[in-house]
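Asker: Next comes the structure file my_file-v2.pdb, holding PDB, C-alpha atoms.
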ATOM      1  CA  MET A  51      48.724  14.596 -38.185
ATOM      2  CA  SER A  52      48.096  16.622 -35.093
ATOM      3  CA  ASP A  53      50.148  15.823 -32.040
ATOM      4  CA  LYS A  54      47.760  17.792 -29.864
ATOM      5  CA  SER A  55      46.486  15.584 -27.072
ATOM      6  CA  CYS A  56      43.899  17.166 -24.853
ATOM      7  CA  GLY A  57      45.399  16.240 -21.468
ATOM      8  CA  PRO A  58      47.056  18.757 -19.164
ATOM      9  CA  VAL A  59      50.833  19.354 -19.251
ATOM     10  CA  ALA A  60      51.104  20.391 -15.622
ATOM     11  CA  ARG A  61      49.155  19.911 -12.416
ATOM     12  CA  ALA A  62      49.131  21.812  -9.154
ATOM     13  CA  VAL A  63      47.444  21.026  -5.871
ATOM     14  CA  LEU A  64      47.063  23.908  -3.426
ATOM     15  CA  GLN A  65      46.583  23.709   0.319
ATOM     16  CA  GLN A  66      46.246  26.592   2.726
ATOM     17  CA  CYS A  67      48.433  26.533   5.814
ATOM     18  CA  LEU A  68      49.027  28.325   9.068
ATOM     19  CA  GLN A  69      52.496  26.859   9.187
ATOM     20  CA  ALA A  70      54.400  24.327   7.114
ATOM     21  CA  ARG A  71      57.802  22.746   7.538
ATOM     22  CA  LEU A  72      59.549  20.897   4.721
ATOM     23  CA  GLN A  73      62.755  18.921   4.815
ATOM     24  CA  VAL A  74      65.114  20.033   2.063
ATOM     25  CA  LYS A  75      68.085  17.886   3.010
ATOM     26  CA  ALA A  76      67.955  14.572   4.797
ATOM     27  CA  ALA A  77      70.100  13.997   7.871
ATOM     28  CA  GLN A  78      73.474  12.448   7.126
ATOM     29  CA  GLU A  79      76.166  10.896   9.218
ATOM     30  CA  ASN A  80      77.779  14.216  10.055
ATOM     31  CA  SER A  81      74.911  16.637   9.600
ATOM     32  CA  ASP A  82      71.378  17.193  10.791
ATOM     33  CA  ALA A  83      68.472  17.373   8.385
ATOM     34  CA  GLU A  84      67.796  20.802   6.889
ATOM     35  CA  TRP A  85      64.299  22.263   6.841
ATOM     36  CA  VAL A  86      62.539  25.304   5.445
ATOM     37  CA  GLU A  87      59.526  26.778   7.173
ATOM     38  CA  VAL A  88      56.711  29.106   6.192
ATOM     39  CA  GLY A  89      53.871  30.732   8.119
ATOM     40  CA  ARG A  90      50.331  31.567   7.023
ATOM     41  CA  GLY A  91      49.930  31.095   3.312
ATOM     42  CA  MET A  92      49.770  28.426   0.702
ATOM     43  CA  VAL A  93      51.492  25.173  -0.198
ATOM     44  CA  ILE A  94      51.783  24.556  -3.958
ATOM     45  CA  TYR A  95      52.447  20.940  -4.960
ATOM     46  CA  VAL A  96      53.520  20.838  -8.583
ATOM     47  CA  CYS A  97      54.025  18.169 -11.249
ATOM     48  CA  PHE A  98      54.884  18.387 -14.957
ATOM     49  CA  PHE A  99      53.694  15.967 -17.616
ATOM     50  CA  LYS A 100      55.147  14.904 -20.945
ATOM     51  CA  GLY A 101      54.890  17.704 -23.455
ATOM     52  CA  ALA A 102      55.294  20.500 -20.883
ATOM     53  CA  THR A 103      57.559  23.365 -21.927
ATOM     54  CA  GLU A 104      58.584  26.664 -20.363
ATOM     55  CA  ASP A 105      55.790  28.393 -22.295
ATOM     56  CA  ILE A 106      53.307  27.186 -19.707
ATOM     57  CA  LEU A 107      55.164  28.653 -16.716
ATOM     58  CA  PRO A 108      54.155  32.353 -16.799
ATOM     59  CA  LYS A 109      50.454  31.459 -16.880
ATOM     60  CA  MET A 110      50.857  28.850 -14.147
ATOM     61  CA  VAL A 111      52.731  31.179 -11.826
ATOM     62  CA  SER A 112      50.407  34.091 -12.437
ATOM     63  CA  THR A 113      47.287  31.960 -11.889
ATOM     64  CA  LEU A 114      48.558  30.191  -8.777
ATOM     65  CA  LEU A 115      49.894  33.272  -7.003
ATOM     66  CA  HIS A 116      46.962  35.539  -7.791
ATOM     67  CA  LEU A 117      44.090  33.177  -7.049
ATOM     68  CA  ARG A 118      42.064  34.324  -4.069
ATOM     69  CA  LEU A 119      42.240  31.279  -1.829
ATOM     70  CA  CYS A 120      43.997  32.457   1.317
ATOM     71  CA  GLU A 121      42.176  33.513   4.424
ATOM     72  CA  SER A 122      43.577  36.528   6.211
ATOM     73  CA  GLU A 123      43.521  36.724  10.003
ATOM     74  CA  SER A 124      40.355  38.787   9.742
ATOM     75  CA  GLY A 125      38.722  36.128   7.545
ATOM     76  CA  ARG A 126      38.974  37.924   4.211
ATOM     77  CA  ILE A 127      39.743  35.709   1.208
ATOM     78  CA  VAL A 128      42.730  37.080  -0.660
ATOM     79  CA  SER A 129      45.634  35.838  -2.752
ATOM     80  CA  ALA A 130      48.923  34.748  -1.205
ATOM     81  CA  LEU A 131      50.459  37.969  -2.546
ATOM     82  CA  GLU A 132      47.761  40.123  -0.987
ATOM     83  CA  LEU A 133      47.805  38.282   2.326
ATOM     84  CA  PRO A 134      50.789  38.983   2.302
ATOM     85  CA  GLY A 135      51.795  35.528   3.308
ATOM     86  CA  SER A 136      54.074  32.680   2.577
ATOM     87  CA  VAL A 137      54.312  30.275  -0.285
ATOM     88  CA  LEU A 138      55.879  26.837  -0.094
ATOM     89  CA  VAL A 139      56.518  25.089  -3.414
ATOM     90  CA  VAL A 140      56.762  21.290  -3.219
ATOM     91  CA  PRO A 141      57.726  19.113  -6.206
ATOM     92  CA  GLN A 142      55.241  16.255  -6.282
ATOM     93  CA  ALA A 143      55.689  13.821  -9.140
ATOM     94  CA  THR A 144      53.073  11.504  -7.632
ATOM     95  CA  LEU A 145      50.399  13.925  -8.875
ATOM     96  CA  GLY A 146      50.893  12.475 -12.362
ATOM     97  CA  GLY A 147      49.909   8.976 -11.285
ATOM     98  CA  LYS A 148      47.110   6.907 -12.786
ATOM     99  CA  ALA A 149      45.658   3.870 -11.059
ATOM    100  CA  LYS A 150      46.209   0.576 -12.847
ATOM    101  CA  GLY A 151      44.862  -2.235 -10.748
ATOM    102  CA  ARG A 152      46.277  -1.748  -7.265
ATOM    103  CA  ALA A 153      49.345   0.188  -8.364
ATOM    104  CA  MET A 154      49.880   3.720  -9.595
ATOM    105  CA  GLN A 155      51.653   4.269 -12.889
ATOM    106  CA  TYR A 156      53.468   7.423 -13.891
ATOM    107  CA  HIS A 157      53.873   6.981 -17.638
ATOM    108  CA  ASN A 158      52.631  10.469 -18.349
ATOM    109  CA  ASN A 159      55.179  12.216 -16.135
ATOM    110  CA  ILE A 160      57.906  14.260 -17.723
ATOM    111  CA  GLY A 161      61.467  12.884 -17.657
ATOM    112  CA  LYS A 162      63.642  13.742 -14.667
ATOM    113  CA  GLU A 163      65.977  16.165 -16.448
ATOM    114  CA  ASP A 164      63.205  18.146 -18.096
ATOM    115  CA  GLY A 165      61.231  17.996 -14.870
ATOM    116  CA  LEU A 166      64.108  19.471 -12.891
ATOM    117  CA  ARG A 167      64.615  22.208 -15.480
ATOM    118  CA  LEU A 168      60.926  23.176 -15.470
ATOM    119  CA  TYR A 169      60.668  22.977 -11.683
ATOM    120  CA  THR A 170      63.726  25.214 -11.274
ATOM    121  CA  ALA A 171      62.328  27.725 -13.775
ATOM    122  CA  PHE A 172      58.915  27.593 -12.050
ATOM    123  CA  VAL A 173      60.446  28.370  -8.641
ATOM    124  CA  SER A 174      62.545  31.139 -10.128
ATOM    125  CA  LEU A 175      59.507  32.732 -11.777
ATOM    126  CA  CYS A 176      57.562  32.485  -8.508
ATOM    127  CA  GLN A 177      60.451  34.228  -6.755
ATOM    128  CA  GLN A 178      60.353  37.072  -9.300
ATOM    129  CA  GLU A 179      56.595  37.396  -8.891
ATOM    130  CA  VAL A 180      56.695  37.602  -5.087
ATOM    131  CA  ALA A 181      59.788  39.837  -4.899
ATOM    132  CA  ALA A 182      57.741  43.029  -4.833
ATOM    133  CA  ALA A 183      55.249  41.769  -2.249
ATOM    134  CA  GLU A 184      56.084  40.955   1.359
ATOM    135  CA  VAL A 185      55.921  37.276   0.580
ATOM    136  CA  THR A 186      58.255  34.562   1.790
ATOM    137  CA  LEU A 187      58.789  31.859  -0.806
ATOM    138  CA  LYS A 188      60.413  28.571   0.122
ATOM    139  CA  HIS A 189      60.685  25.437  -1.927
ATOM    140  CA  GLY A 190      61.558  21.795  -1.815
ATOM    141  CA  THR A 191      64.443  20.171  -3.637
ATOM    142  CA  TYR A 192      63.470  18.262  -6.763
ATOM    143  CA  GLY A 193      63.868  14.501  -6.589
ATOM    144  CA  ASN A 194      64.031  14.358  -2.789
ATOM    145  CA  ARG A 195      61.528  12.864  -0.402
ATOM    146  CA  GLN A 196      59.296  15.781   0.610
ATOM    147  CA  VAL A 197      59.061  15.244   4.356
ATOM    148  CA  LEU A 198      56.341  17.722   5.261
ATOM    149  CA  LYS A 199      54.577  18.862   8.392
ATOM    150  CA  LEU A 200      51.488  20.917   7.813
ATOM    151  CA  ASP A 201      49.354  22.895  10.206
ATOM    152  CA  THR A 202      46.137  24.226   8.718
ATOM    153  CA  ASN A 203      42.996  26.023   9.664
ATOM    154  CA  GLY A 204      41.340  24.012   6.879
ATOM    155  CA  PRO A 205      43.537  22.987   3.911
ATOM    156  CA  HIS A 206      40.868  23.905   1.333
ATOM    157  CA  THR A 207      42.585  21.603  -1.129
ATOM    158  CA  HIS A 208      42.322  22.788  -4.746
ATOM    159  CA  LEU A 209      43.381  21.172  -7.987
ATOM    160  CA  LEU A 210      44.511  23.102 -11.040
ATOM    161  CA  ASP A 211      45.467  21.529 -14.344
ATOM    162  CA  PHE A 212      47.301  23.528 -17.007
TER     163      PHE A 212
ATOM    164  CA  MET B 174      19.815  13.285 -26.554
ATOM    165  CA  SER B 175      22.588  11.834 -24.496
ATOM    166  CA  ASP B 176      23.108  13.310 -21.077
ATOM    167  CA  LYS B 177      26.459  11.622 -20.777
ATOM    168  CA  SER B 178      29.103  14.202 -20.050
ATOM    169  CA  CYS B 179      32.645  12.899 -19.897
ATOM    170  CA  GLY B 180      33.745  14.624 -16.694
ATOM    171  CA  PRO B 181      34.281  12.782 -13.411
ATOM    172  CA  VAL B 182      31.499  12.479 -10.828
ATOM    173  CA  ALA B 183      33.822  12.253  -7.843
ATOM    174  CA  ARG B 184      37.375  13.228  -6.972
ATOM    175  CA  ALA B 185      39.739  12.048  -4.273
ATOM    176  CA  VAL B 186      43.124  13.380  -3.241
ATOM    177  CA  LEU B 187      45.282  11.051  -1.156
ATOM    178  CA  GLN B 188      48.133  11.977   1.136
ATOM    179  CA  GLN B 189      50.237   9.647   3.227
ATOM    180  CA  CYS B 190      50.691  10.527   6.872
ATOM    181  CA  LEU B 191      52.592   9.501   9.964
ATOM    182  CA  GLN B 192      49.999  11.236  12.067
ATOM    183  CA  ALA B 193      46.992  13.432  11.361
ATOM    184  CA  ARG B 194      44.649  15.352  13.606
ATOM    185  CA  LEU B 195      41.317  16.705  12.385
ATOM    186  CA  GLN B 196      38.843  18.919  14.193
ATOM    187  CA  VAL B 197      35.354  17.444  14.061
ATOM    188  CA  LYS B 198      33.625  19.989  16.273
ATOM    189  CA  ALA B 199      34.647  23.583  16.776
ATOM    190  CA  ALA B 200      35.079  24.980  20.267
ATOM    191  CA  GLN B 201      31.969  26.610  21.669
ATOM    192  CA  GLU B 202      31.273  28.796  24.630
ATOM    193  CA  ASN B 203      30.934  25.883  27.026
ATOM    194  CA  SER B 204      32.920  23.176  25.283
ATOM    195  CA  ASP B 205      36.371  22.592  23.876
ATOM    196  CA  ALA B 206      36.902  21.649  20.262
ATOM    197  CA  GLU B 207      36.691  17.937  19.458
ATOM    198  CA  TRP B 208      39.355  16.212  17.386
ATOM    199  CA  VAL B 209      39.952  12.806  15.847
ATOM    200  CA  GLU B 210      43.457  11.474  15.352
ATOM    201  CA  VAL B 211      45.077   8.775  13.256
ATOM    202  CA  GLY B 212      48.600   7.361  13.049
ATOM    203  CA  ARG B 213      50.535   6.034  10.071
ATOM    204  CA  GLY B 214      48.285   5.673   7.063
ATOM    205  CA  MET B 215      46.421   7.742   4.542
ATOM    206  CA  VAL B 216      44.290  10.860   4.364
ATOM    207  CA  ILE B 217      41.501  10.696   1.772
ATOM    208  CA  TYR B 218      40.047  14.064   0.752
ATOM    209  CA  VAL B 219      36.819  13.495  -1.122
ATOM    210  CA  CYS B 220      34.435  15.576  -3.236
ATOM    211  CA  PHE B 221      31.335  14.657  -5.250
ATOM    212  CA  PHE B 222      30.206  16.359  -8.434
ATOM    213  CA  LYS B 223      26.813  16.824 -10.047
ATOM    214  CA  GLY B 224      25.558  13.540 -11.417
ATOM    215  CA  ALA B 225      27.205  11.387  -8.739
ATOM    216  CA  THR B 226      25.066   8.559  -7.356
ATOM    217  CA  GLU B 227      25.632   5.767  -4.857
ATOM    218  CA  ASP B 228      26.541   3.446  -7.754
ATOM    219  CA  ILE B 229      30.000   4.957  -7.844
ATOM    220  CA  LEU B 230      30.781   4.301  -4.159
ATOM    221  CA  PRO B 231      31.767   0.600  -4.120
ATOM    222  CA  LYS B 232      34.349   1.153  -6.856
ATOM    223  CA  MET B 233      35.691   4.297  -5.194
ATOM    224  CA  VAL B 234      36.059   2.673  -1.799
ATOM    225  CA  SER B 235      37.601  -0.487  -3.188
ATOM    226  CA  THR B 236      40.092   1.447  -5.333
ATOM    227  CA  LEU B 237      41.106   3.918  -2.643
ATOM    228  CA  LEU B 238      41.571   1.409   0.160
ATOM    229  CA  HIS B 239      43.385  -1.222  -1.902
ATOM    230  CA  LEU B 240      45.795   1.009  -3.792
ATOM    231  CA  ARG B 241      49.384   0.355  -2.795
ATOM    232  CA  LEU B 242      50.504   3.807  -1.723
ATOM    233  CA  CYS B 243      51.405   3.452   1.931
ATOM    234  CA  GLU B 244      54.926   2.953   3.162
ATOM    235  CA  SER B 245      55.335   0.487   5.992
ATOM    236  CA  GLU B 246      57.943   1.096   8.693
ATOM    237  CA  SER B 247      60.257  -1.224   6.808
ATOM    238  CA  GLY B 248      59.794   0.773   3.600
ATOM    239  CA  ARG B 249      57.492  -1.658   1.768
ATOM    240  CA  ILE B 250      54.741  -0.065  -0.319
ATOM    241  CA  VAL B 251      51.406  -1.556   0.646
ATOM    242  CA  SER B 252      47.752  -0.555   0.846
ATOM    243  CA  ALA B 253      46.286   1.121   3.922
ATOM    244  CA  LEU B 254      44.528  -2.181   4.677
ATOM    245  CA  GLU B 255      47.732  -4.170   4.407
ATOM    246  CA  LEU B 256      49.752  -1.684   6.430
ATOM    247  CA  PRO B 257      47.601  -2.141   8.568
ATOM    248  CA  GLY B 258      47.270   1.510   9.232
ATOM    249  CA  SER B 259      44.875   4.337   9.662
ATOM    250  CA  VAL B 260      42.582   6.104   7.267
ATOM    251  CA  LEU B 261      41.274   9.616   7.744
ATOM    252  CA  VAL B 262      38.430  10.682   5.449
ATOM    253  CA  VAL B 263      38.071  14.434   4.951
ATOM    254  CA  PRO B 264      35.175  15.992   3.026
ATOM    255  CA  GLN B 265      36.718  18.563   0.708
ATOM    256  CA  ALA B 266      34.268  20.382  -1.522
ATOM    257  CA  THR B 267      37.010  22.740  -2.693
ATOM    258  CA  LEU B 268      38.351  19.913  -4.878
ATOM    259  CA  GLY B 269      35.524  20.637  -7.307
ATOM    260  CA  GLY B 270      36.667  24.195  -7.945
ATOM    261  CA  LYS B 271      37.541  25.665 -11.310
ATOM    262  CA  ALA B 272      39.524  28.870 -11.699
ATOM    263  CA  LYS B 273      37.643  31.748 -13.281
ATOM    264  CA  GLY B 274      39.833  34.818 -13.287
ATOM    265  CA  ARG B 275      41.186  35.184  -9.762
ATOM    266  CA  ALA B 276      38.336  33.320  -8.063
ATOM    267  CA  MET B 277      37.409  29.666  -7.854
ATOM    268  CA  GLN B 278      33.929  28.584  -8.895
ATOM    269  CA  TYR B 279      32.184  25.438  -7.714
ATOM    270  CA  HIS B 280      29.334  25.127 -10.217
ATOM    271  CA  ASN B 281      30.045  21.467 -10.836
ATOM    272  CA  ASN B 282      29.802  20.456  -7.180
ATOM    273  CA  ILE B 283      26.889  18.341  -6.038
ATOM    274  CA  GLY B 284      24.212  19.993  -3.896
ATOM    275  CA  LYS B 285      24.678  19.955  -0.122
ATOM    276  CA  GLU B 286      21.955  17.428   0.684
ATOM    277  CA  ASP B 287      23.060  14.921  -1.935
ATOM    278  CA  GLY B 288      26.672  15.567  -1.010
ATOM    279  CA  LEU B 289      26.005  14.797   2.647
ATOM    280  CA  ARG B 290      24.117  11.626   1.735
ATOM    281  CA  LEU B 291      26.907  10.382  -0.550
ATOM    282  CA  TYR B 292      29.641  11.343   1.919
ATOM    283  CA  THR B 293      27.853   9.497   4.734
ATOM    284  CA  ALA B 294      27.409   6.416   2.563
ATOM    285  CA  PHE B 295      31.058   6.623   1.456
ATOM    286  CA  VAL B 296      32.292   6.706   5.053
ATOM    287  CA  SER B 297      29.982   3.869   6.005
ATOM    288  CA  LEU B 298      31.233   1.721   3.115
ATOM    289  CA  CYS B 299      34.844   2.486   4.082
ATOM    290  CA  GLN B 300      34.039   1.403   7.632
ATOM    291  CA  GLN B 301      32.624  -1.904   6.373
ATOM    292  CA  GLU B 302      35.698  -2.452   4.195
ATOM    293  CA  VAL B 303      38.197  -1.848   6.997
ATOM    294  CA  ALA B 304      36.228  -3.730   9.674
ATOM    295  CA  ALA B 305      38.035  -7.002   9.024
ATOM    296  CA  ALA B 306      41.502  -5.436   8.917
ATOM    297  CA  GLU B 307      43.241  -3.813  11.871
ATOM    298  CA  VAL B 308      42.549  -0.420  10.439
ATOM    299  CA  THR B 309      41.420   2.672  12.285
ATOM    300  CA  LEU B 310      39.072   4.810  10.246
ATOM    301  CA  LYS B 311      38.225   8.334  11.313
ATOM    302  CA  HIS B 312      36.380  10.988   9.383
ATOM    303  CA  GLY B 313      35.523  14.645   9.302
ATOM    304  CA  THR B 314      32.044  16.074   9.591
ATOM    305  CA  TYR B 315      30.504  17.203   6.317
ATOM    306  CA  GLY B 316      30.011  20.924   5.922
ATOM    307  CA  ASN B 317      32.436  21.882   8.700
ATOM    308  CA  ARG B 318      35.752  23.616   8.410
ATOM    309  CA  GLN B 319      38.312  20.792   8.243
ATOM    310  CA  VAL B 320      40.957  22.102  10.621
ATOM    311  CA  LEU B 321      43.777  19.644   9.958
ATOM    312  CA  LYS B 322      47.279  19.051  11.245
ATOM    313  CA  LEU B 323      49.324  16.671   9.180
ATOM    314  CA  ASP B 324      52.663  15.061   9.859
ATOM    315  CA  THR B 325      54.141  13.195   6.908
ATOM    316  CA  ASN B 326      57.257  11.387   5.847
ATOM    317  CA  GLY B 327      56.432  12.606   2.338
ATOM    318  CA  PRO B 328      52.734  13.180   1.491
ATOM    319  CA  HIS B 329      53.046  11.529  -1.951
ATOM    320  CA  THR B 330      49.942  13.407  -3.026
ATOM    321  CA  HIS B 331      47.807  11.471  -5.527
ATOM    322  CA  LEU B 332      44.703  12.457  -7.449
ATOM    323  CA  LEU B 333      41.982  10.019  -8.453
ATOM    324  CA  ASP B 334      38.941  10.946 -10.487
ATOM    325  CA  PHE B 335      35.949   8.592 -10.718
TER     326      PHE B 335
END
Could you quickly redo this structure as structure tokens?
Answerer:
Amino acid sequence: MSDKSCGPVARAVLQQCLQARLQVKAAQENSDAEWVEVGRGMVIYVCFFKGATEDILPKMVSTLLHLRLCESESGRIVSALELPGSVLVVPQATLGGKAKGRAMQYHNNIGKEDGLRLYTAFVSLCQQEVAAAEVTLKHGTYGNRQVLKLDTNGPHTHLLDF
Amino acid sequence: MSDKSCGPVARAVLQQCLQARLQVKAAQENSDAEWVEVGRGMVIYVCFFKGATEDILPKMVSTLLHLRLCESESGRIVSALELPGSVLVVPQATLGGKAKGRAMQYHNNIGKEDGLRLYTAFVSLCQQEVAAAEVTLKHGTYGNRQVLKLDTNGPHTHLLDF
């Protein structure tokens, strides 16, 4: 019997930004919140589904970072690497939701441990890929609330399933 | 021969916001840019595909506005109507893109005229639906660049295909 279902194992949503600010540590009694910030570039929201393995990561990273979606200051459409710009990776488990009545269900999402492992490997692979280009890569912390402030010149929201 | 393809005819991406500001008219020689603004609530990015008709709209509007995705100030998860909050509708044709090599293609997107007609009807139906609730509904202008500034407490990005 084949276990091959035809659904995607990972999903990314991309938005272009002029500036984005993401909280990576919430404020606590004795410390302020910590934030990361990027300039012109791209926000990548990412979610892994059941069945996802590390095999999918090289293709995901290569596709996402090389897609020509970013607008340079002169209006040319180039990749984040060519911009060269910034990339902000945001874990976003909600992307796996399916509407059931008035609620969203997340039965297809990968488990937390595997999700963290894949997310960490994804970020690490992105970092390798951008190392040669003048690209700033920042990322959110898995499992946290992704408090985000986004300034765009048009988000040009794209969806990519893998 | 059946013409029934199994793909979606419309796509929405939802993001929660504390505040959002969208340009609805670009600055011109003799006039400043015009913006609309909403407070706590939800941003709905929407895109129609080939084959979409007005039949799909009532279900879309009902689903999107009644889904429990919004966080009230006290942390309860309620719909935008129950919040009662704000809704910002943003036309987002890029949601129909498919990656081909390093470029995105939009072959499956509905034509501009039909897209404008459906978008206008969608906004109008949303307005009817929120009229009874204390909900502010604002929307972008179809075909324009959607210059957007978004302030979130976690966007909780969701995808819904119809």
Asker: Can you translate the PyMOL selection byres ((chain A and resi 161) around 12) into the concrete residues it hits in this file, as a PyMOL selection string?
Answerer: chain A and resi 97-103+143+146+156-160+162-169+193
Asker: Within 7 Å of chain A, which residues of chain B show up when using all atoms listed in the file, listed as a PDB file with C-alpha atoms, in the coordinates of the input?
Answerer:
ATOM      1  CA  HIS B 239      43.385  -1.222  -1.902  1.00  0.00           C
ATOM      2  CA  LEU B 240      45.795   1.009  -3.792  1.00  0.00           C
ATOM      3  CA  ARG B 241      49.384   0.355  -2.795  1.00  0.00           C
ATOM      4  CA  GLN B 265      36.718  18.563   0.708  1.00  0.00           C
ATOM      5  CA  THR B 267      37.010  22.740  -2.693  1.00  0.00           C
ATOM      6  CA  LEU B 268      38.351  19.913  -4.878  1.00  0.00           C
ATOM      7  CA  GLY B 270      36.667  24.195  -7.945  1.00  0.00           C
ATOM      8  CA  ARG B 275      41.186  35.184  -9.762  1.00  0.00           C
ATOM      9  CA  ALA B 276      38.336  33.320  -8.063  1.00  0.00           C
ATOM     10  CA  ARG B 318      35.752  23.616   8.410  1.00  0.00           C
ATOM     11  CA  GLN B 319      38.312  20.792   8.243  1.00  0.00           C
ATOM     12  CA  VAL B 320      40.957  22.102  10.621  1.00  0.00           C
ATOM     13  CA  LEU B 321      43.777  19.644   9.958  1.00  0.00           C
ATOM     14  CA  LYS B 322      47.279  19.051  11.245  1.00  0.00           C
ATOM     15  CA  LEU B 323      49.324  16.671   9.180  1.00  0.00           C
ATOM     16  CA  ASP B 324      52.663  15.061   9.859  1.00  0.00           C
ATOM     17  CA  THR B 325      54.141  13.195   6.908  1.00  0.00           C
ATOM     18  CA  ASN B 326      57.257  11.387   5.847  1.00  0.00           C
ATOM     19  CA  GLY B 327      56.432  12.606   2.338  1.00  0.00           C
ATOM     20  CA  PRO B 328      52.734  13.180   1.491  1.00  0.00           C
ATOM     21  CA  HIS B 329      53.046  11.529  -1.951  1.00  0.00           C
ATOM     22  CA  THR B 330      49.942  13.407  -3.026  1.00  0.00           C
ATOM     23  CA  HIS B 331      47.807  11.471  -5.527  1.00  0.00           C
ATOM     24  CA  LEU B 332      44.703  12.457  -7.449  1.00  0.00           C
TER      25      LEU B 332
END
Asker: If we draw a sphere of 6 Å around (48.1, 33.5, -0.6), which residues have at least one atom in it when counting all atoms listed in the file? Please report them as an NGL selection string.
Answerer: :A and (91-92 or 120 or 129-131 or 133 or 135)
Asker: Kindly give the distance, in Å, that separates CA of Lys75 (chain A) and CA of Val139 (chain A), rounded to a single decimal.
Answerer: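 Between CA of Lys75 (chain A) and CA of Val139 (chain A) the gap works out to 15.1 Å.
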Asker: Quick one: residues within 10 Å of Thr186 (chain A), all atoms listed in the file, excluding same-chain residues fewer than 2 positions away - as a list of chain:residue names?
Answerer: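 Once the adjacent positions are removed, what remains is A:Glu87, A:Val88, A:Gly89, A:Arg90, A:Gly91, A:Ala130, A:Leu131, A:Pro134, A:Gly135, A:Ser136, A:Val137, A:Leu138, A:Gln177, A:Val180, A:Ala181, A:Ala183, A:Glu184, A:Lys188.
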Asker: Print the selection's residues with C-alpha atoms to a file, as a short mmCIF file (atom, residue, chain, number, x, y, z; two decimals), in the frame of the given file.
Answerer:
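Produced file out_31.cif, reproduced below:
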data_model
loop_
_atom_site.label_atom_id
_atom_site.label_comp_id
_atom_site.auth_asym_id
_atom_site.auth_seq_id
_atom_site.Cartn_x
_atom_site.Cartn_y
_atom_site.Cartn_z
CA GLU A 87 59.53 26.78 7.17
CA VAL A 88 56.71 29.11 6.19
CA GLY A 89 53.87 30.73 8.12
CA ARG A 90 50.33 31.57 7.02
CA GLY A 91 49.93 31.10 3.31
CA ALA A 130 48.92 34.75 -1.20
CA LEU A 131 50.46 37.97 -2.55
CA PRO A 134 50.79 38.98 2.30
CA GLY A 135 51.80 35.53 3.31
CA SER A 136 54.07 32.68 2.58
CA VAL A 137 54.31 30.28 -0.28
CA LEU A 138 55.88 26.84 -0.09
CA GLN A 177 60.45 34.23 -6.76
CA VAL A 180 56.70 37.60 -5.09
CA ALA A 181 59.79 39.84 -4.90
CA ALA A 183 55.25 41.77 -2.25
CA GLU A 184 56.08 40.96 1.36
CA LYS A 188 60.41 28.57 0.12
#
Asker: Take every atom of region 216-224 of chain B listed in the file, fit an axis-aligned box around them, add 3 Å per side, and give the centre and edge lengths in Å to one decimal as AutoDock Vina command-line options.
Answerer:
--center_x 34.9 --center_y 13.8 --center_z -3.5 --size_x 24.7 --size_y 12.1 --size_z 21.8
Asker: Which value, in Å to one decimal, gives the distance between CA of Val140 (chain A) and CA of Val93 (chain A)?
Answerer: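 These two atoms are separated by 7.2 Å.
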Asker: Can you measure CA of Met110 (chain A) to CA of Phe212 (chain A) for me? One decimal in Å is fine.
Answerer: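 Interatomic distance here is 7.0 Å.
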Asker: When you look at Leu107 (chain A) with a cut-off of 8 Å (counting only C-alpha atoms), what residues show up, excluding the ones that are within fewer than 6 positions of it in the same chain? I need them as an NGL selection string.
Answerer: :A and (171-172 or 175)
